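Listing of input-v2.txt; format and content: compact mmCIF, C-alpha atoms.
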```txt
# COMPACT_ATOMS: atom_id res chain seq x y z
CA MET G 1 -6.54 11.18 9.99
CA ARG G 2 -9.51 9.62 11.82
CA LEU G 3 -12.44 7.88 10.16
CA GLY G 4 -14.86 8.51 12.99
CA ARG G 5 -17.26 5.60 13.40
CA PRO G 6 -18.53 4.56 9.98
CA GLU G 7 -21.28 1.95 9.81
CA ALA G 8 -19.01 -0.28 7.73
CA LEU G 9 -15.25 -0.59 8.08
CA ASP G 10 -13.17 -2.30 5.39
CA PHE G 11 -10.08 -4.46 5.75
CA VAL G 12 -8.40 -5.21 2.42
CA ASP G 13 -5.72 -7.92 2.29
CA MET G 14 -3.67 -7.54 -0.90
CA GLY G 15 -1.98 -10.72 -2.14
CA ALA G 16 -4.08 -12.80 0.22
CA GLY G 17 -2.56 -16.20 -0.64
CA GLY G 18 -4.59 -18.74 1.30
CA GLY G 19 -6.70 -16.12 3.07
CA GLU G 20 -5.03 -16.74 6.43
CA LEU G 21 -4.78 -13.07 7.40
CA GLY G 22 -8.40 -12.26 6.63
CA THR G 23 -9.53 -15.32 8.58
CA ALA G 24 -7.39 -14.33 11.56
CA VAL G 25 -8.77 -10.79 11.51
CA VAL G 26 -12.36 -12.04 11.55
CA ALA G 27 -11.56 -14.41 14.43
CA ALA G 28 -9.70 -11.82 16.50
CA LEU G 29 -12.25 -8.99 16.39
CA PRO G 30 -14.80 -8.53 19.18
CA PRO G 31 -18.29 -9.45 17.97
CA GLU G 32 -19.56 -5.86 17.98
CA VAL G 33 -16.63 -4.78 15.77
CA ALA G 34 -16.68 -7.87 13.54
CA ALA G 35 -20.31 -7.10 12.71
CA ARG G 36 -19.20 -3.82 11.10
CA VAL G 37 -16.03 -5.01 9.38
CA ARG G 38 -15.99 -6.17 5.76
CA VAL G 39 -12.94 -8.32 5.04
CA HIS G 40 -11.79 -8.38 1.42
CA ALA G 41 -9.12 -10.87 0.32
CA VAL G 42 -7.49 -9.92 -2.99
CA ASP G 43 -5.51 -12.45 -5.03
CA VAL G 44 -5.35 -13.68 -8.62
CA ALA G 45 -5.53 -17.28 -7.38
CA PRO G 46 -8.91 -19.00 -7.00
CA ARG G 47 -10.76 -18.69 -3.70
CA PRO G 48 -9.49 -21.36 -1.28
CA GLU G 49 -11.92 -24.08 -0.30
CA GLY G 50 -13.28 -23.76 3.21
CA LEU G 51 -12.48 -20.04 3.54
CA ASP G 52 -14.67 -18.26 6.11
CA ASP G 53 -17.85 -17.00 4.43
CA ARG G 54 -17.31 -13.58 6.00
CA VAL G 55 -14.20 -13.11 3.82
CA THR G 56 -14.97 -11.95 0.29
CA TRP G 57 -12.56 -12.94 -2.50
CA SER G 58 -11.66 -11.08 -5.69
CA ALA G 59 -8.82 -10.53 -8.14
CA GLU G 60 -9.00 -6.73 -7.77
CA PRO G 61 -9.31 -4.57 -4.64
CA PRO G 62 -12.75 -3.10 -3.92
CA ARG G 63 -13.42 0.48 -4.95
CA GLY G 64 -14.40 3.01 -2.31
CA ALA G 65 -13.09 1.09 0.71
CA ARG G 66 -12.96 2.96 4.01
CA GLY G 67 -10.54 1.46 6.50
CA LEU G 68 -7.23 -0.38 6.19
CA LEU G 69 -5.56 -1.81 3.10
CA PHE G 70 -2.62 -4.07 4.01
CA ALA G 71 -0.21 -5.37 1.37
CA ASN G 72 2.16 -7.85 3.01
CA GLU G 73 4.76 -9.13 0.52
CA TRP G 74 2.48 -8.24 -2.37
CA LEU G 75 4.55 -5.74 -4.34
CA ASP G 76 7.60 -8.03 -4.54
CA ASN G 77 5.49 -10.44 -6.61
CA VAL G 78 4.36 -7.82 -9.12
CA PRO G 79 6.30 -8.60 -12.34
CA LEU G 80 8.93 -6.14 -13.54
CA ASP G 81 11.60 -5.73 -16.21
CA VAL G 82 15.32 -6.17 -15.53
CA ALA G 83 17.99 -4.01 -17.18
CA ALA G 84 21.75 -4.41 -17.70
CA PRO G 85 24.26 -2.36 -19.71
CA ASP G 86 25.77 -3.35 -23.04
CA PRO G 87 29.52 -2.89 -23.64
CA HIS G 88 28.89 0.78 -24.48
CA GLY G 89 27.06 1.40 -21.21
CA THR G 90 23.60 1.58 -22.76
CA PRO G 91 20.98 -0.03 -20.50
CA ARG G 92 19.02 -2.77 -22.25
CA TYR G 93 16.26 -5.14 -21.23
CA VAL G 94 17.38 -8.55 -20.02
CA GLU G 95 15.47 -11.31 -21.84
CA VAL G 96 15.09 -14.78 -20.35
CA ASP G 97 14.37 -18.20 -21.81
CA PRO G 98 11.30 -19.40 -19.84
CA GLU G 99 12.41 -23.04 -20.10
CA THR G 100 16.12 -22.83 -19.25
CA GLY G 101 16.48 -19.48 -17.47
CA GLU G 102 19.30 -18.44 -19.82
CA GLU G 103 19.49 -14.68 -20.27
CA ARG G 104 20.52 -12.31 -23.03
CA LEU G 105 20.42 -8.60 -23.71
CA GLY G 106 17.49 -7.25 -25.70
CA GLU G 107 16.45 -3.82 -26.90
CA PRO G 108 17.43 -0.49 -25.30
CA LEU G 109 15.06 0.76 -22.62
CA GLU G 110 11.91 2.66 -23.51
CA PRO G 111 12.01 6.35 -22.49
CA ASP G 112 9.73 5.92 -19.44
CA ASP G 113 11.79 3.03 -18.10
CA SER G 114 15.02 4.90 -18.78
CA ALA G 115 13.69 7.93 -16.89
CA TRP G 116 12.66 5.75 -13.93
CA LEU G 117 16.10 4.17 -13.84
CA ALA G 118 17.85 7.55 -13.92
CA ARG G 119 15.76 8.85 -11.03
CA TRP G 120 15.51 5.83 -8.77
CA TRP G 121 18.30 3.38 -9.65
CA PRO G 122 21.35 5.36 -10.84
CA HIS G 123 24.10 3.40 -12.57
CA PRO G 124 27.05 2.40 -10.38
CA ASP G 125 30.17 4.46 -11.07
CA ASP G 126 32.52 1.63 -10.23
CA GLY G 127 32.10 -2.10 -9.85
CA GLU G 128 32.88 -5.06 -7.73
CA PRO G 129 32.97 -8.71 -8.75
CA GLY G 130 29.63 -10.36 -9.36
CA SER G 131 28.28 -13.07 -7.13
CA PRO G 132 29.38 -16.65 -7.87
CA ASN G 133 25.89 -18.02 -7.16
CA GLY G 134 24.64 -17.96 -10.73
CA VAL G 135 24.60 -14.18 -11.22
CA PRO G 136 26.56 -13.15 -14.34
CA ASP G 137 29.90 -11.43 -13.81
CA ARG G 138 29.67 -9.64 -17.14
CA VAL G 139 27.21 -8.51 -19.79
CA PRO G 140 26.94 -9.90 -23.34
CA GLU G 141 29.08 -8.60 -26.16
CA SER G 142 25.94 -7.98 -28.24
CA PRO G 143 22.15 -8.28 -28.03
CA GLY G 144 21.18 -11.93 -28.26
CA GLU G 145 24.32 -13.38 -26.65
CA LEU G 146 23.52 -15.49 -23.62
CA LEU G 147 24.43 -14.16 -20.18
CA VAL G 148 26.58 -17.06 -18.96
CA PRO G 149 28.50 -16.42 -15.71
CA PRO G 150 32.23 -16.90 -16.49
CA ALA G 151 34.98 -17.49 -13.96
CA ASP G 152 36.05 -13.87 -14.34
CA GLY G 153 35.13 -10.90 -16.49
CA PRO G 154 34.59 -7.15 -16.59
CA PHE G 155 32.41 -5.39 -14.02
CA ALA G 156 28.76 -4.60 -14.73
CA TRP G 157 25.43 -4.19 -12.95
CA ARG G 158 21.77 -5.14 -13.08
CA ALA G 159 18.74 -3.08 -12.15
CA GLU G 160 15.08 -3.93 -11.57
CA ILE G 161 12.71 -1.35 -13.05
CA GLY G 162 9.95 -0.78 -10.52
CA ARG G 163 7.44 1.20 -12.58
CA SER G 164 4.98 -1.71 -12.53
CA ARG G 165 5.09 -1.79 -8.71
CA ASP G 166 4.60 1.98 -8.52
CA ALA G 167 1.55 1.71 -10.78
CA ALA G 168 0.11 -1.23 -8.84
CA TRP G 169 0.40 0.67 -5.57
CA ALA G 170 -1.17 3.78 -7.10
CA ARG G 171 -4.18 1.76 -8.28
CA ALA G 172 -4.63 0.19 -4.86
CA VAL G 173 -4.40 3.51 -3.01
CA ASP G 174 -6.57 5.40 -5.49
CA GLY G 175 -9.33 2.82 -5.08
CA MET G 176 -9.77 3.71 -1.39
CA ALA G 177 -12.20 6.38 -0.27
CA ALA G 178 -10.55 6.98 3.11
CA GLY G 179 -8.30 5.28 5.60
CA LEU G 180 -4.78 3.90 5.62
CA ALA G 181 -2.81 1.88 3.07
CA VAL G 182 0.22 -0.08 4.31
CA ALA G 183 2.77 -1.95 2.20
CA ALA G 184 5.22 -4.22 4.05
CA ASP G 185 7.91 -5.87 1.98
CA TYR G 186 11.50 -6.79 1.35
CA GLY G 187 12.88 -3.54 0.01
CA HIS G 188 15.67 -1.04 -0.48
CA THR G 189 16.11 2.67 -1.09
CA ARG G 190 18.11 4.75 -3.56
CA THR G 191 21.21 4.97 -1.38
CA GLY G 192 21.45 1.19 -1.02
CA ARG G 193 20.40 -0.42 -4.28
CA PRO G 194 21.95 -3.88 -4.71
CA ARG G 195 24.44 -3.87 -7.60
CA TRP G 196 23.21 -7.18 -8.96
CA GLY G 197 19.54 -6.76 -8.11
CA THR G 198 17.54 -9.24 -6.05
CA LEU G 199 15.63 -11.36 -8.58
CA THR G 200 15.19 -14.91 -7.29
CA GLY G 201 12.74 -17.80 -7.22
CA TYR G 202 11.00 -19.84 -4.54
CA ARG G 203 9.41 -23.27 -4.80
CA LYS G 204 7.85 -25.04 -1.83
CA GLY G 205 9.60 -22.64 0.54
CA ARG G 206 13.09 -23.18 -0.92
CA GLN G 207 15.09 -20.65 -2.89
CA VAL G 208 15.65 -21.66 -6.51
CA ALA G 209 16.74 -20.04 -9.77
CA PRO G 210 14.29 -17.38 -11.05
CA ILE G 211 13.14 -19.29 -14.13
CA PRO G 212 9.67 -18.10 -15.24
CA ASP G 213 8.41 -21.58 -16.15
CA GLY G 214 5.29 -21.50 -13.97
CA SER G 215 6.66 -23.98 -11.43
CA ARG G 216 7.88 -21.40 -8.91
CA ASP G 217 7.32 -17.90 -7.55
CA VAL G 218 9.63 -15.33 -9.12
CA THR G 219 10.21 -12.32 -6.89
CA ALA G 220 12.41 -9.26 -6.47
CA HIS G 221 12.78 -6.78 -3.62
CA VAL G 222 10.90 -3.49 -3.91
CA ALA G 223 12.32 0.00 -4.49
CA MET G 224 10.17 1.27 -1.65
CA ASP G 225 11.18 4.94 -1.90
CA ALA G 226 10.06 4.95 -5.53
CA VAL G 227 6.69 3.51 -4.47
CA ALA G 228 6.45 6.18 -1.75
CA GLY G 229 7.08 8.83 -4.37
CA ILE G 230 3.83 7.93 -6.14
CA ARG G 231 1.21 8.72 -3.49
CA GLY G 232 3.25 9.90 -0.55
CA GLY G 233 3.53 8.38 2.90
CA THR G 234 5.97 7.48 5.64
CA LEU G 235 8.69 4.89 5.13
CA THR G 236 10.05 3.03 8.13
CA THR G 237 11.27 -0.43 9.15
CA GLN G 238 8.96 -3.17 10.38
CA ARG G 239 10.88 -3.15 13.65
CA GLU G 240 10.11 0.53 14.23
CA ALA G 241 6.50 0.18 13.06
CA LEU G 242 5.70 -2.77 15.32
CA ARG G 243 7.41 -1.24 18.33
CA ALA G 244 5.28 1.87 17.83
CA LEU G 245 2.27 -0.47 18.04
CA GLY G 246 3.53 -1.96 21.30
CA VAL G 247 5.18 -5.12 19.92
CA SER G 248 8.53 -5.45 21.67
CA GLY G 249 9.54 -9.11 22.04
CA THR G 250 10.31 -8.59 25.73
CA ARG G 251 10.26 -11.87 27.67
CA PRO G 252 7.64 -12.13 30.45
CA PRO G 253 8.89 -11.94 34.05
CA LEU G 254 10.00 -15.30 35.42
CA ALA G 255 7.77 -14.81 38.44
CA LEU G 256 4.76 -15.31 36.17
CA ALA G 257 5.83 -18.93 35.65
CA GLY G 258 5.09 -19.70 39.31
CA GLN G 259 1.85 -17.70 39.45
CA ASP G 260 0.36 -18.73 36.09
CA PRO G 261 2.41 -21.41 34.26
CA ALA G 262 0.08 -21.60 31.26
CA GLY G 263 -0.03 -17.81 30.97
CA TYR G 264 3.75 -17.69 31.17
CA VAL G 265 4.08 -20.19 28.30
CA ARG G 266 1.65 -18.18 26.17
CA ALA G 267 3.47 -14.93 26.91
CA LEU G 268 6.83 -16.54 26.19
CA ALA G 269 5.59 -17.83 22.83
CA ALA G 270 4.21 -14.40 21.95
CA ALA G 271 7.51 -12.78 22.90
CA GLY G 272 9.38 -15.22 20.64
CA GLU G 273 7.12 -14.41 17.71
CA ALA G 274 7.51 -10.67 18.34
CA ALA G 275 11.29 -11.01 18.53
CA GLU G 276 11.33 -12.79 15.18
CA LEU G 277 9.18 -10.11 13.56
CA THR G 278 11.43 -7.30 14.82
CA ALA G 279 14.86 -8.96 14.52
CA ARG G 280 17.72 -7.01 12.97
CA GLY G 281 19.05 -8.72 9.89
CA GLY G 282 15.74 -10.53 9.50
CA LEU G 283 12.06 -9.68 9.30
CA GLY G 284 12.59 -6.53 11.36
CA ASP G 285 14.39 -5.02 8.38
CA PHE G 286 11.26 -5.21 6.23
CA LEU G 287 10.26 -1.77 5.01
CA TRP G 288 6.78 -0.41 5.75
CA LEU G 289 5.17 2.30 3.65
CA THR G 290 2.16 3.93 5.30
CA THR G 291 -0.06 6.19 3.19
CA ALA G 292 -3.08 8.04 4.57
CA ILE G 293 -6.07 8.55 2.29
CA ASP G 294 -7.98 11.61 3.46
CA PRO G 295 -11.08 12.50 1.42
CA GLN G 296 -10.75 16.10 2.58
CA SER G 297 -7.27 16.50 1.08
CA ALA G 298 -6.72 17.52 -2.51
CA ALA G 299 -3.49 15.52 -2.65
CA PRO G 300 -1.49 13.28 -0.31
CA ALA G 301 1.45 14.64 1.60
CA PRO G 302 4.93 14.20 0.10
CA PRO G 303 6.83 11.11 1.20
CA THR G 304 9.01 11.19 4.29
CA THR G 305 11.62 8.71 5.42
CA GLU G 306 12.33 7.89 9.04
```
Could you spell out this file's structure in structure tokens?
Amino acid sequence: MRLGRPEALDFVDMGAGGGELGTAVVAALPPEVAARVRVHAVDVAPRPEGLDDRVTWSAEPPRGARGLLFANEWLDNVPLDVAAPDPHGTPRYVEVDPETGEERLGEPLEPDDSAWLARWWPHPDDGEPGSPNGVPDRVPESPGELLVPPADGPFAWRAEIGRSRDAAWARAVDGMAAGLAVAADYGHTRTGRPRWGTLTGYRKGRQVAPIPDGSRDVTAHVAMDAVAGIRGGTLTTQREALRALGVSGTRPPLALAGQDPAGYVRALAAAGEAAELTARGGLGDFLWLTTAIDPQSAAPAPPTTE
């Protein structure tokens, strides 16, 4: 789908953080294009001091945007519920003490959450030992018992219910009038759900326990195929997406070092950054969901996976 040449073109940065991406977009655009582009940074945090005046700041995405909405590591920060089975196999909500991080089983899942789990995160048929890094190796004997990881115990599983992420993505996409919406995030699909989930915490760039005490970011990977099932789109890896855009990580020819040493250094640095963004086992394994918003279409196309 092409937008033509609208008088105004929107760039929406979801989960803008410090506004770095919006600032970089403004700086990188040619003057004649920058004059037409409206950059919207969206984050629940206050507007950073010193942010470029050409970048607007809000807690909600603008309605009626025409252009590109980019959500880089936004959905993994949208809160969700975690489920685990009781001794009878009934999935229940996992409750957490916000001061200590201790967990216990709560009530059985609500019907909508149970239906999401059945469709997108089916229960494992057999188990394998839990991780020794603080993830419980068993479930409680009854609701209210703390989930304390013992040295050994029966097999179980945990699941992260992604309905809140699906709804957040739907709201973001539905707010656009036309253009493209892209979500790039740590993710997984139905055939490769992690048995113990991915819930974790980060504080000052270091991984810590996911205790919701307000001192750290609590995050979980995204069930990206479930998100794609809401408004359609194409699901691919960051590596494939960036290579399609011409980002390869190929080192510049050595001959350039003799002809243009400074240019060679710049090209070498750019190649290193590209290699990091496309690396297997690293950032290249990010999943990208691309959804086109066409005002002429009655409904978006069904999701496809590459």
Minimum-distance residue to Phe70 in chain G, chosen among G:Thr250, G:Thr189, G:Thr291, G:Thr237 (using all atoms listed in the file):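 Closest to Phe70 in chain G, using all atoms listed in the file: G:Thr291.
Remark: for Asp76 in chain G, the closest of the candidate residues G:Pro6, G:Gly187, G:Gly106, G:Pro46 is G:Gly187 (distances computed over all atoms listed in the file).
Using only C-alpha atoms, the shortest contact distance between Asp225 in chain G and any of G:Asp260, G:Asp185, G:Glu60, G:Glu240 is found at G:Asp185.
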Tell me which residues come within 12 Å of (-11.8, -10.9, 5.8), as a PDB file with C-alpha atoms, in the coordinates of the input, counting all atoms listed in the file in the file's coordinates.
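Output file part.pdb follows:
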```pdb
ATOM      1  CA  LEU G   9     -15.250  -0.590   8.080  1.00  0.00           C
ATOM      2  CA  ASP G  10     -13.170  -2.300   5.390  1.00  0.00           C
ATOM      3  CA  PHE G  11     -10.080  -4.460   5.750  1.00  0.00           C
ATOM      4  CA  VAL G  12      -8.400  -5.210   2.420  1.00  0.00           C
ATOM      5  CA  ASP G  13      -5.720  -7.920   2.290  1.00  0.00           C
ATOM      6  CA  MET G  14      -3.670  -7.540  -0.900  1.00  0.00           C
ATOM      7  CA  ALA G  16      -4.080 -12.800   0.220  1.00  0.00           C
ATOM      8  CA  GLY G  18      -4.590 -18.740   1.300  1.00  0.00           C
ATOM      9  CA  GLY G  19      -6.700 -16.120   3.070  1.00  0.00           C
ATOM     10  CA  GLU G  20      -5.030 -16.740   6.430  1.00  0.00           C
ATOM     11  CA  LEU G  21      -4.780 -13.070   7.400  1.00  0.00           C
ATOM     12  CA  GLY G  22      -8.400 -12.260   6.630  1.00  0.00           C
ATOM     13  CA  THR G  23      -9.530 -15.320   8.580  1.00  0.00           C
ATOM     14  CA  ALA G  24      -7.390 -14.330  11.560  1.00  0.00           C
ATOM     15  CA  VAL G  25      -8.770 -10.790  11.510  1.00  0.00           C
ATOM     16  CA  VAL G  26     -12.360 -12.040  11.550  1.00  0.00           C
ATOM     17  CA  ALA G  27     -11.560 -14.410  14.430  1.00  0.00           C
ATOM     18  CA  ALA G  28      -9.700 -11.820  16.500  1.00  0.00           C
ATOM     19  CA  LEU G  29     -12.250  -8.990  16.390  1.00  0.00           C
ATOM     20  CA  ALA G  34     -16.680  -7.870  13.540  1.00  0.00           C
ATOM     21  CA  ALA G  35     -20.310  -7.100  12.710  1.00  0.00           C
ATOM     22  CA  ARG G  36     -19.200  -3.820  11.100  1.00  0.00           C
ATOM     23  CA  VAL G  37     -16.030  -5.010   9.380  1.00  0.00           C
ATOM     24  CA  ARG G  38     -15.990  -6.170   5.760  1.00  0.00           C
ATOM     25  CA  VAL G  39     -12.940  -8.320   5.040  1.00  0.00           C
ATOM     26  CA  HIS G  40     -11.790  -8.380   1.420  1.00  0.00           C
ATOM     27  CA  ALA G  41      -9.120 -10.870   0.320  1.00  0.00           C
ATOM     28  CA  VAL G  42      -7.490  -9.920  -2.990  1.00  0.00           C
ATOM     29  CA  LEU G  51     -12.480 -20.040   3.540  1.00  0.00           C
ATOM     30  CA  ASP G  52     -14.670 -18.260   6.110  1.00  0.00           C
ATOM     31  CA  ASP G  53     -17.850 -17.000   4.430  1.00  0.00           C
ATOM     32  CA  ARG G  54     -17.310 -13.580   6.000  1.00  0.00           C
ATOM     33  CA  VAL G  55     -14.200 -13.110   3.820  1.00  0.00           C
ATOM     34  CA  THR G  56     -14.970 -11.950   0.290  1.00  0.00           C
ATOM     35  CA  TRP G  57     -12.560 -12.940  -2.500  1.00  0.00           C
ATOM     36  CA  SER G  58     -11.660 -11.080  -5.690  1.00  0.00           C
ATOM     37  CA  LEU G  68      -7.230  -0.380   6.190  1.00  0.00           C
ATOM     38  CA  LEU G  69      -5.560  -1.810   3.100  1.00  0.00           C
ATOM     39  CA  PHE G  70      -2.620  -4.070   4.010  1.00  0.00           C
TER      40      PHE G  70
END
```
Expected residue set, 7 Å radius at (-10.1, 2.2, -5.8), only C-alpha atoms, as a PyMOL selection string: chain G and resi 61-64+171-176
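For the atom pair formed by CA of Glu273 in chain G and CA of Thr219 in chain G, the distance is 24.9 Å, given to one decimal.
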Counting all atoms listed in the file, the residue of G:Pro31, G:Gly214, G:Gly233, G:Gly249 that sits nearest Leu180 in chain G: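 Closest candidate: G:Gly233.
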Computed interatomic separation between CA of Ala178 in chain G and CA of Thr290 in chain G (Å): 13.3 Å
Selected residue of minimal separation from Pro79 in chain G among G:Ala170, G:Ala220, G:Ala115, G:Ala177, counting all atoms listed in the file: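 Among the listed residues, G:Ala220 lies closest to Pro79 in chain G.
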Interatomic distance, CA of Thr100 in chain G to CA of Pro85 in chain G (Å, one decimal):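 If I compute the distance from CA of Thr100 in chain G to CA of Pro85 in chain G, I get 22.0 Å.
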Using all atoms listed in the file, which residues of range 10-117 of chain G come within 9 Å of range 196-212 of chain G, and what is the closest atom pair for each, with the distance in Å to one decimal? Give it as CSV, sorted by chain and residue number.
```
residue,atom,partner,partner_atom,distance
G:Val82,CA,G:Gly197,CA,8.6
G:Val96,CA,G:Ile211,CA,7.9
G:Asp97,CA,G:Ile211,CA,7.9
G:Pro98,CA,G:Pro212,CA,5.1
G:Glu99,CA,G:Ile211,CA,7.1
G:Thr100,CA,G:Ile211,CA,6.9
G:Gly101,CA,G:Ile211,CA,4.7
G:Glu102,CA,G:Ile211,CA,8.4
```
Grab range 3-11 of chain G from that structure and dump all heavy atoms to a file, as a PDB file, in the first residue's frame.
```pdb
ATOM      1  N   LEU G   3       1.034   5.572   0.219  1.00  0.00           N
ATOM      2  CA  LEU G   3       0.308   6.714   0.764  1.00  0.00           C
ATOM      3  C   LEU G   3       0.217   7.869  -0.219  1.00  0.00           C
ATOM      4  O   LEU G   3      -0.490   8.840   0.041  1.00  0.00           O
ATOM      5  CB  LEU G   3       0.989   7.205   2.047  1.00  0.00           C
ATOM      6  CG  LEU G   3       0.923   6.287   3.259  1.00  0.00           C
ATOM      7  CD1 LEU G   3       1.720   6.892   4.409  1.00  0.00           C
ATOM      8  CD2 LEU G   3      -0.519   6.062   3.680  1.00  0.00           C
ATOM      9  N   GLY G   4       0.962   7.765  -1.335  1.00  0.00           N
ATOM     10  CA  GLY G   4       1.037   8.911  -2.213  1.00  0.00           C
ATOM     11  C   GLY G   4       1.976   9.947  -1.614  1.00  0.00           C
ATOM     12  O   GLY G   4       3.001   9.610  -1.035  1.00  0.00           O
ATOM     13  N   ARG G   5       1.586  11.206  -1.689  1.00  0.00           N
ATOM     14  CA  ARG G   5       2.413  12.276  -1.121  1.00  0.00           C
ATOM     15  C   ARG G   5       1.541  13.197  -0.274  1.00  0.00           C
ATOM     16  O   ARG G   5       1.192  14.314  -0.692  1.00  0.00           O
ATOM     17  CB  ARG G   5       3.106  13.060  -2.242  1.00  0.00           C
ATOM     18  CG  ARG G   5       4.155  14.032  -1.737  1.00  0.00           C
ATOM     19  CD  ARG G   5       4.850  14.758  -2.883  1.00  0.00           C
ATOM     20  NE  ARG G   5       5.747  15.779  -2.392  1.00  0.00           N
ATOM     21  CZ  ARG G   5       6.984  15.568  -1.951  1.00  0.00           C
ATOM     22  NH1 ARG G   5       7.460  14.341  -1.940  1.00  0.00           N
ATOM     23  NH2 ARG G   5       7.742  16.563  -1.520  1.00  0.00           N
ATOM     24  N   PRO G   6       1.158  12.738   0.912  1.00  0.00           N
ATOM     25  CA  PRO G   6       0.326  13.580   1.771  1.00  0.00           C
ATOM     26  C   PRO G   6       1.094  14.810   2.240  1.00  0.00           C
ATOM     27  O   PRO G   6       2.322  14.801   2.345  1.00  0.00           O
ATOM     28  CB  PRO G   6      -0.011  12.658   2.943  1.00  0.00           C
ATOM     29  CG  PRO G   6       1.098  11.665   2.978  1.00  0.00           C
ATOM     30  CD  PRO G   6       1.499  11.458   1.551  1.00  0.00           C
ATOM     31  N   GLU G   7       0.355  15.877   2.528  1.00  0.00           N
ATOM     32  CA  GLU G   7       0.998  17.100   3.006  1.00  0.00           C
ATOM     33  C   GLU G   7       1.736  16.860   4.318  1.00  0.00           C
ATOM     34  O   GLU G   7       2.803  17.417   4.565  1.00  0.00           O
ATOM     35  CB  GLU G   7      -0.046  18.209   3.183  1.00  0.00           C
ATOM     36  CG  GLU G   7      -0.638  18.707   1.869  1.00  0.00           C
ATOM     37  CD  GLU G   7      -1.579  19.863   2.107  1.00  0.00           C
ATOM     38  OE1 GLU G   7      -1.672  20.336   3.264  1.00  0.00           O
ATOM     39  OE2 GLU G   7      -2.218  20.310   1.139  1.00  0.00           O
ATOM     40  N   ALA G   8       1.134  16.040   5.176  1.00  0.00           N
ATOM     41  CA  ALA G   8       1.769  15.718   6.461  1.00  0.00           C
ATOM     42  C   ALA G   8       1.960  14.209   6.549  1.00  0.00           C
ATOM     43  O   ALA G   8       1.102  13.429   6.150  1.00  0.00           O
ATOM     44  CB  ALA G   8       0.910  16.198   7.621  1.00  0.00           C
ATOM     45  N   LEU G   9       3.113  13.817   7.066  1.00  0.00           N
ATOM     46  CA  LEU G   9       3.458  12.409   7.222  1.00  0.00           C
ATOM     47  C   LEU G   9       3.831  12.179   8.683  1.00  0.00           C
ATOM     48  O   LEU G   9       4.667  12.901   9.239  1.00  0.00           O
ATOM     49  CB  LEU G   9       4.634  12.060   6.308  1.00  0.00           C
ATOM     50  CG  LEU G   9       4.954  10.582   6.079  1.00  0.00           C
ATOM     51  CD1 LEU G   9       3.784   9.867   5.419  1.00  0.00           C
ATOM     52  CD2 LEU G   9       6.204  10.446   5.215  1.00  0.00           C
ATOM     53  N   ASP G  10       3.204  11.178   9.309  1.00  0.00           N
ATOM     54  CA  ASP G  10       3.404  10.956  10.738  1.00  0.00           C
ATOM     55  C   ASP G  10       4.392   9.825  10.998  1.00  0.00           C
ATOM     56  O   ASP G  10       4.370   8.795  10.317  1.00  0.00           O
ATOM     57  CB  ASP G  10       2.070  10.595  11.405  1.00  0.00           C
ATOM     58  CG  ASP G  10       1.077  11.742  11.346  1.00  0.00           C
ATOM     59  OD1 ASP G  10       1.330  12.780  11.976  1.00  0.00           O
ATOM     60  OD2 ASP G  10       0.046  11.600  10.652  1.00  0.00           O
ATOM     61  N   PHE G  11       5.240  10.047  12.004  1.00  0.00           N
ATOM     62  CA  PHE G  11       6.071   8.973  12.557  1.00  0.00           C
ATOM     63  C   PHE G  11       5.746   8.863  14.036  1.00  0.00           C
ATOM     64  O   PHE G  11       5.923   9.829  14.792  1.00  0.00           O
ATOM     65  CB  PHE G  11       7.562   9.255  12.371  1.00  0.00           C
ATOM     66  CG  PHE G  11       8.446   8.246  13.054  1.00  0.00           C
ATOM     67  CD1 PHE G  11       8.579   6.971  12.548  1.00  0.00           C
ATOM     68  CD2 PHE G  11       9.116   8.567  14.231  1.00  0.00           C
ATOM     69  CE1 PHE G  11       9.374   6.026  13.194  1.00  0.00           C
ATOM     70  CE2 PHE G  11       9.907   7.636  14.878  1.00  0.00           C
ATOM     71  CZ  PHE G  11      10.037   6.355  14.355  1.00  0.00           C
TER      72      PHE G  11
END
```
